[in-house]
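I have placed the structure first, in the form of structure tokens, so that the comments after it can refer back to it.
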Amino acid sequence: MPASLVDTNVWLAATFEAHPCHQSARQKLLAATPADPWLWCRATQQSFLRLASTAAVFRSCGVERATNADAMAALEQWLVLRQVAFVEEPPGVMAHWARLAAVDQVAPKLWMDAYLAAVAIAGGWRLISFDRDFRSFQPQGLDLWLLPPAA
Amino acid sequence: MPVSWLRWLLRWSNVKTTIDLPDTLLRQARQRALHEGRPFKDLVAEFIRQGLSQVGAKSATRPGSPLELAADGLPVFRRDSAVAPQIPSLQELLELEYTTLAAEDQQRAGFPG
């Protein structure tokens with residue numbers, strides 16, 4: 001079944017009305033279907049909950065206060081939608097993760113990026129993100145849908 | 001002989017599953033499906049979906065919460081323009097997301113952020 005693993009930055013854009021890519025993210029999401037859903041994994045859930053309830057982030061997006069309960073309620077609302085689903089970590093992630101991330105560089109950001117890319121590759125899913133850094137994984141098998149920065 | 005639990009099968013998006021339901025609840029649901037002339041599985045799926053949506057909807061309508069359900073059915077954190085008249089660019093927000101998570105991780109590890 002085709003499906004797309006969605007990066008945290010896209011979920012945040014879709015959630016925060018003032019995010020510069022809010023409308024773009026929501027329009028794409030509304031085009032998803034139960035047969036071709038947008039996916040959460042535990043790592044994107046964790047990042048979304050942490051960031052959506054962090055003052056530096058929610059205040060930058062014009063929200064006075066977003067509590068942990070607010071962030072969880074938003075996540076639960078996303079999961080209610082028929083075109084949205086949660087997936088467990090697929091088998092084989094570790095090998096992909098090590099291959100993509102264990103490079104001979106000081107690159108701490110690479111761990112999370114490579115993990116998401118590894119989950120997408122192992123699950124046979126496309127990855128949707130605003131982060132252009134994911135392009136580096138395309139030659140290694142990542143099916144990437146890079147959303148444009150402007151609406 | 002009273003039957004308190006009945007095992008039944010529910011088809012859910014091409015997945016067959018087995019759950020236990022109180023007998024009276026099952027009969028009520030079947031009567032409702034009969035009354036409305038709808039397939040039983042469609043009615044049950046709709047009720048489950050409604051129940052799940054109400055979980056978050058309670059929080060969405062909580063006083064003071066920025067969370068709302070938009071007209072398109074998607075959740076949204078509404079903007080208060082008094083809080084941030086100038087919204088950062090996408091690139092600035094991506095950097096903020098990374099530095100926020102990295103700072104939290106460093107703090108958790110006992111290093112100054």
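Ordering of the structure tokens sets the chain letters (A, B, ...); residue numbers start at 1 within each chain; ligands are numbered from 1 in the order shown.
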| message | Set the cut-off to 7 Å and count only C-alpha atoms: what are the residues of chain A that reach chain B? Output as a ChimeraX atom specification. | response | /A:15-18,20,51,59-64,66,70,73-74,76-78,80,149
| message | Show me, as a PyMOL selection string, the residues that have an atom within 7 Å of region 139-148 of chain A when counting only C-alpha atoms, minus same-chain residues fewer than 3 positions from it. | response | chain A and resi 117+121+126-130+132+136
Output file for the selection above: C-alpha atoms, as an mmCIF file, in the first residue's frame:
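In the end it all went to again04.cif:
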```cif
data_model
loop_
_atom_site.group_PDB
_atom_site.id
_atom_site.type_symbol
_atom_site.label_atom_id
_atom_site.label_comp_id
_atom_site.auth_asym_id
_atom_site.auth_seq_id
_atom_site.Cartn_x
_atom_site.Cartn_y
_atom_site.Cartn_z
ATOM 1 C CA ALA A 117 15.002 8.159 6.182
ATOM 2 C CA ILE A 121 13.191 3.092 3.265
ATOM 3 C CA ARG A 126 7.840 8.028 0.692
ATOM 4 C CA LEU A 127 9.156 10.706 3.051
ATOM 5 C CA ILE A 128 7.549 14.150 3.017
ATOM 6 C CA SER A 129 9.521 17.065 4.435
ATOM 7 C CA PHE A 130 10.419 20.712 4.052
ATOM 8 C CA ARG A 132 16.267 19.933 1.962
ATOM 9 C CA SER A 136 21.443 13.536 0.484
#
```
Region 22-39 of chain A: which residues within 6 Å, counting only C-alpha atoms, same-chain residues fewer than 6 positions away excluded, as a PDB file with N, CA and C atoms, in the first residue's frame?
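The result, written out as selection.pdb:
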```
ATOM      1  N   PRO A   2       0.659   2.172  -0.937  1.00  0.00           N
ATOM      2  CA  PRO A   2       1.450   3.403  -0.905  1.00  0.00           C
ATOM      3  C   PRO A   2       1.106   4.217   0.335  1.00  0.00           C
ATOM      4  N   ALA A   3       2.107   4.876   0.869  1.00  0.00           N
ATOM      5  CA  ALA A   3       1.899   5.716   2.049  1.00  0.00           C
ATOM      6  C   ALA A   3       3.106   6.633   2.175  1.00  0.00           C
ATOM      7  N   SER A   4       2.932   7.685   2.960  1.00  0.00           N
ATOM      8  CA  SER A   4       4.004   8.661   3.113  1.00  0.00           C
ATOM      9  C   SER A   4       4.285   8.904   4.592  1.00  0.00           C
ATOM     10  N   LEU A   5       5.536   8.725   4.962  1.00  0.00           N
ATOM     11  CA  LEU A   5       5.967   9.093   6.308  1.00  0.00           C
ATOM     12  C   LEU A   5       6.209  10.604   6.300  1.00  0.00           C
ATOM     13  N   VAL A   6       5.622  11.285   7.267  1.00  0.00           N
ATOM     14  CA  VAL A   6       5.633  12.753   7.244  1.00  0.00           C
ATOM     15  C   VAL A   6       6.548  13.284   8.350  1.00  0.00           C
ATOM     16  N   ALA A  13       3.812  22.623  10.533  1.00  0.00           N
ATOM     17  CA  ALA A  13       3.282  23.603   9.580  1.00  0.00           C
ATOM     18  C   ALA A  13       1.773  23.435   9.418  1.00  0.00           C
ATOM     19  N   ALA A  14       1.330  22.186   9.376  1.00  0.00           N
ATOM     20  CA  ALA A  14      -0.101  21.932   9.207  1.00  0.00           C
ATOM     21  C   ALA A  14      -0.893  22.321  10.454  1.00  0.00           C
ATOM     22  N   ARG A  82      -9.127   9.903   8.647  1.00  0.00           N
ATOM     23  CA  ARG A  82      -9.066   8.641   7.904  1.00  0.00           C
ATOM     24  C   ARG A  82      -7.812   8.559   7.040  1.00  0.00           C
ATOM     25  N   GLN A  83      -7.294   9.723   6.622  1.00  0.00           N
ATOM     26  CA  GLN A  83      -6.122   9.718   5.753  1.00  0.00           C
ATOM     27  C   GLN A  83      -4.813   9.785   6.541  1.00  0.00           C
ATOM     28  N   VAL A  84      -4.897   9.610   7.853  1.00  0.00           N
ATOM     29  CA  VAL A  84      -3.715   9.665   8.717  1.00  0.00           C
ATOM     30  C   VAL A  84      -3.627   8.377   9.528  1.00  0.00           C
ATOM     31  N   ALA A  85      -2.414   7.857   9.700  1.00  0.00           N
ATOM     32  CA  ALA A  85      -2.255   6.606  10.447  1.00  0.00           C
ATOM     33  C   ALA A  85      -0.928   6.618  11.206  1.00  0.00           C
ATOM     34  N   PHE A  86      -0.851   5.770  12.212  1.00  0.00           N
ATOM     35  CA  PHE A  86       0.390   5.563  12.956  1.00  0.00           C
ATOM     36  C   PHE A  86       0.991   4.228  12.533  1.00  0.00           C
ATOM     37  N   ALA A 151       4.049  28.823  -0.049  1.00  0.00           N
ATOM     38  CA  ALA A 151       2.747  28.225  -0.319  1.00  0.00           C
ATOM     39  C   ALA A 151       2.492  28.114  -1.819  1.00  0.00           C
TER      40      ALA A 151
END
```
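For region 62-130 of chain A, the set of residues given strand (DSSP E) by DSSP on the backbone reads Val84, Ala85, Phe86, Arg126, Leu127, Ile128 and Ser129 of chain A.
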| task | Using only C-alpha atoms, determine which residues lie at most 9 Å from Ala71 (chain A), disregarding the query and same-chain residues fewer than 6 positions distant; provide the list as an MDAnalysis selection string. | result | (chainID A and resid 48:53) or (chainID B and resid 67)
| query | So how far away is CA of Leu116 (chain A) from CA of Val93 (chain A), in Å? | reply | 9.3 Å
| message | I need the residues in region 20-111 of chain B that are helix (DSSP H, G or I) according to DSSP; give them as a ChimeraX atom specification. | response | /B:23-36,40-60,90-108
| A:Thr54, A:Asn68, A:Asn9, A:Gln138: which is nearest Ala114 (chain A), counting only C-alpha atoms? |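 Ranking A:Thr54, A:Asn68, A:Asn9, A:Gln138 by distance to Ala114 (chain A), first place goes to A:Gln138.
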